[in-house]
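The structure file run_28.json is reproduced below (JSON, C-alpha atoms).
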[["chain", "number", "residue", "atom", "x", "y", "z"],
["A", 757, "MET", "CA", 4.06, -5.35, -23.28],
["A", 758, "SER", "CA", 2.37, -7.52, -20.66],
["A", 759, "ILE", "CA", 2.89, -7.04, -16.93],
["A", 760, "TYR", "CA", 4.45, -10.50, -16.90],
["A", 761, "GLU", "CA", 7.08, -9.40, -19.44],
["A", 762, "TYR", "CA", 7.62, -6.14, -17.54],
["A", 763, "CYS", "CA", 8.12, -7.89, -14.17],
["A", 764, "LYS", "CA", 9.49, -11.26, -15.29],
["A", 765, "GLY", "CA", 11.91, -12.74, -12.77],
["A", 766, "ARG", "CA", 11.32, -9.95, -10.24],
["A", 767, "LYS", "CA", 9.05, -9.60, -7.22],
["A", 768, "VAL", "CA", 6.95, -6.50, -6.62],
["A", 769, "ASP", "CA", 6.59, -4.96, -3.16],
["A", 770, "VAL", "CA", 3.11, -3.43, -2.74],
["A", 771, "ASP", "CA", 2.61, -1.35, 0.42],
["A", 772, "TYR", "CA", -0.83, 0.22, 0.92],
["A", 773, "GLU", "CA", -1.54, 3.19, 3.22],
["A", 774, "THR", "CA", -4.31, 1.09, 4.81],
["A", 775, "GLY", "CA", -1.68, -1.15, 6.41],
["A", 776, "TYR", "CA", -1.85, -4.02, 3.94],
["A", 777, "HIS", "CA", 1.55, -5.01, 2.54],
["A", 778, "PHE", "CA", 2.22, -7.70, -0.08],
["A", 779, "VAL", "CA", 4.87, -9.12, -2.37],
["A", 780, "ILE", "CA", 3.52, -10.11, -5.78],
["A", 781, "GLU", "CA", 5.26, -12.29, -8.33],
["A", 782, "TYR", "CA", 3.90, -12.68, -11.85],
["A", 783, "LEU", "CA", 4.48, -16.37, -12.64],
["A", 784, "SER", "CA", 3.10, -16.27, -16.19],
["A", 785, "ASP", "CA", 0.85, -14.20, -18.45],
["A", 786, "ASN", "CA", -2.14, -15.45, -16.46],
["A", 787, "GLU", "CA", -0.98, -16.48, -12.96],
["A", 788, "LEU", "CA", 0.35, -14.40, -10.08],
["A", 789, "GLN", "CA", 1.39, -15.28, -6.57],
["A", 790, "TRP", "CA", 0.95, -12.94, -3.61],
["A", 791, "THR", "CA", 2.32, -13.16, -0.08],
["A", 792, "ALA", "CA", 1.07, -10.95, 2.75],
["A", 793, "LEU", "CA", 3.81, -9.21, 4.72],
["A", 794, "SER", "CA", 1.36, -7.61, 7.18],
["A", 795, "LYS", "CA", -2.22, -7.94, 8.28],
["A", 796, "THR", "CA", -4.83, -9.85, 6.32],
["A", 797, "ALA", "CA", -8.56, -10.11, 6.85],
["A", 798, "GLU", "CA", -9.56, -12.41, 9.69],
["A", 799, "GLY", "CA", -9.34, -16.03, 8.55],
["A", 800, "ALA", "CA", -7.79, -15.09, 5.21],
["A", 801, "PRO", "CA", -4.70, -16.90, 3.92],
["A", 802, "ASN", "CA", -1.37, -15.10, 3.85],
["A", 803, "HIS", "CA", -0.20, -16.61, 0.54],
["A", 804, "GLU", "CA", -2.02, -17.68, -2.66],
["A", 805, "SER", "CA", -1.62, -18.11, -6.39],
["A", 806, "GLU", "CA", -4.36, -16.61, -8.55],
["A", 807, "PRO", "CA", -5.31, -16.45, -12.20],
["A", 808, "TYR", "CA", -5.31, -12.80, -13.31],
["A", 809, "SER", "CA", -5.95, -10.61, -16.30],
["A", 810, "SER", "CA", -4.19, -7.37, -17.10],
["A", 811, "TYR", "CA", -4.05, -4.54, -19.56],
["A", 812, "GLU", "CA", -1.24, -2.09, -20.25],
["A", 813, "LEU", "CA", -2.57, 1.47, -19.81],
["A", 814, "GLY", "CA", 0.67, 3.23, -20.70],
["A", 815, "GLU", "CA", 4.41, 2.74, -20.46],
["A", 816, "GLY", "CA", 5.00, 1.05, -17.10],
["A", 817, "ILE", "CA", 1.33, 1.35, -16.06],
["A", 818, "PHE", "CA", -0.95, -1.70, -15.84],
["A", 819, "MET", "CA", -4.47, -2.55, -14.75],
["A", 820, "VAL", "CA", -4.45, -5.96, -13.02],
["A", 821, "ASN", "CA", -7.54, -7.87, -11.90],
["A", 822, "TRP", "CA", -8.13, -11.15, -10.11],
["A", 823, "ILE", "CA", -10.83, -13.03, -8.20],
["A", 824, "GLU", "CA", -9.85, -15.16, -5.22],
["A", 825, "ASP", "CA", -11.61, -18.38, -4.16],
["A", 826, "SER", "CA", -13.01, -16.53, -1.13],
["A", 827, "GLY", "CA", -14.91, -14.18, -3.46],
["A", 828, "LEU", "CA", -12.49, -11.29, -2.91],
["A", 829, "VAL", "CA", -12.12, -9.28, -6.11],
["A", 830, "VAL", "CA", -9.06, -7.09, -6.64],
["A", 831, "SER", "CA", -8.80, -4.44, -9.34],
["A", 832, "GLN", "CA", -5.40, -2.76, -9.19],
["A", 833, "ILE", "CA", -3.59, -0.03, -11.09],
["A", 834, "ALA", "CA", 0.17, -0.69, -10.87],
["A", 835, "ASP", "CA", 2.01, 2.46, -11.91],
["A", 836, "PHE", "CA", 5.67, 1.46, -12.04],
["A", 837, "ALA", "CA", 6.53, 4.71, -13.83],
["A", 838, "HIS", "CA", 5.71, 6.64, -10.62],
["A", 839, "GLY", "CA", 6.04, 3.92, -7.96],
["A", 840, "LYS", "CA", 2.35, 4.11, -7.08],
["A", 841, "VAL", "CA", -0.43, 1.55, -6.74],
["A", 842, "TYR", "CA", -4.19, 1.97, -6.44],
["A", 843, "ALA", "CA", -6.63, -0.83, -5.71],
["A", 844, "PHE", "CA", -10.32, -1.45, -5.28],
["A", 845, "MET", "CA", -11.20, -4.62, -3.38],
["A", 846, "THR", "CA", -14.65, -6.05, -2.78],
["A", 847, "TRP", "CA", -15.78, -9.22, -1.01],
["A", 848, "PRO", "CA", -19.01, -10.95, 0.09],
["A", 849, "ASP", "CA", -20.65, -9.33, 3.12],
["A", 850, "GLU", "CA", -24.37, -9.86, 3.79],
["A", 851, "ASN", "CA", -24.51, -6.67, 5.90],
["A", 852, "ALA", "CA", -23.09, -4.34, 3.24],
["A", 853, "GLY", "CA", -24.87, -2.59, 0.41],
["A", 854, "GLY", "CA", -25.27, -4.99, -2.49],
["A", 855, "HIS", "CA", -24.02, -7.70, -0.13],
["A", 856, "ARG", "CA", -20.44, -6.68, -0.93],
["A", 857, "ALA", "CA", -17.98, -4.86, 1.32],
["A", 858, "GLU", "CA", -15.40, -2.64, -0.33],
["A", 859, "LEU", "CA", -12.04, -1.03, 0.26],
["A", 860, "LEU", "CA", -10.37, 1.58, -1.91],
["A", 861, "HIS", "CA", -6.72, 2.16, -1.15],
["A", 862, "LYS", "CA", -3.48, 3.52, -2.53],
["A", 863, "GLY", "CA", 0.16, 3.02, -1.78],
["A", 864, "THR", "CA", 3.61, 2.48, -3.21],
["A", 865, "LEU", "CA", 5.14, -0.27, -5.26],
["A", 866, "SER", "CA", 8.72, -1.15, -6.14],
["A", 867, "PHE", "CA", 10.77, -4.12, -7.23],
["A", 868, "VAL", "CA", 12.24, -6.21, -4.44],
["A", 869, "GLU", "CA", 16.00, -5.99, -4.70]]
If you convert what's in this file into structure tokens, what do you get?
Amino acid sequence: MSIYEYCKGRKVDVDYETGYHFVIEYLSDNELQWTALSKTAEGAPNHESEPYSSYELGEGIFMVNWIEDSGLVVSQIADFAHGKVYAFMTWPDENAGGHRAELLHKGTLSFVE
């Protein structure tokens, strides 16, 4: 099953321990839409649609990846079976190792009722 089929017609609340908080809606098998409910990086938008790819890792567990126009890369494990989410984000930063900054974070996810 694809994450689109699993979430079709429902929005997903993603709340990271780092303070980032989003609602994600899977619009199709290859497009998602996210909206920030809390802080974003300075100058970053608070709402975008992105092409994505995903893979089902197990029942209710998906790996989801997307690249934003800004160069931000998100690789996320959405574990609906346990209400947990893990993500690795990286973005261009000339002062960081490999010229990429990074953030590894975890949090909770649930369907918006």
Among A:Leu865, A:Val829, A:Met845, A:Leu859, A:Val779 is approached most closely, using only C-alpha atoms, by A:Leu865
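Proximity ranking of A:Arg856, A:Leu828, A:Glu815, A:Ile780 relative to A:Ala800 places A:Leu828 first, based on all atoms listed in the file.
Proximity of A:Tyr842, A:Trp847, A:Phe836, A:Tyr808 to A:Gln789, computed with all atoms listed in the file, is greatest for A:Tyr808.
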Just give me the gap between atom CA of A:Asp769 and atom CA of A:Asp849 in Å, one decimal is fine.
28.3 Å
Write out as JSON an axis-aligned box for stretch 816-831 of chain A: all of its atoms listed in the file, 4 Å added on each side, centre and edge lengths in Å with one decimal.
{"center_x": -5.0, "center_y": -8.5, "center_z": -9.1, "size_x": 27.9, "size_y": 27.7, "size_z": 24.0}
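From atom CA of A:Thr846 back to atom CA of A:Ser809, the distance works out to 16.7 Å.
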For A:Gly863, list every protein, DNA or RNA residue within 12 Å, evaluated using only C-alpha atoms, and leave out those in the same chain fewer than 4 positions away; present the list as a PyMOL selection string.
chain A and resi 769-778+832-836+838-844
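Between atom CA of A:Pro848 and atom CA of A:Ser784 lies a distance of 28.0 Å.
Closest approach to A:Ile817 from the set A:Phe867, A:Tyr762, A:Trp790, A:Tyr782 is made by A:Tyr762, with distances taken over all atoms listed in the file.
Of the residues under consideration (A:Leu793, A:Val868, A:Ala852, A:Leu788), A:Leu788 shows the shortest atom-to-atom contact distance to A:Pro807 when counting only C-alpha atoms.
The nearest approach to A:Cys763 among the residues A:Thr791, A:Ser866, A:Asp825, A:Glu798, with only C-alpha atoms taken into account, belongs to A:Ser866.
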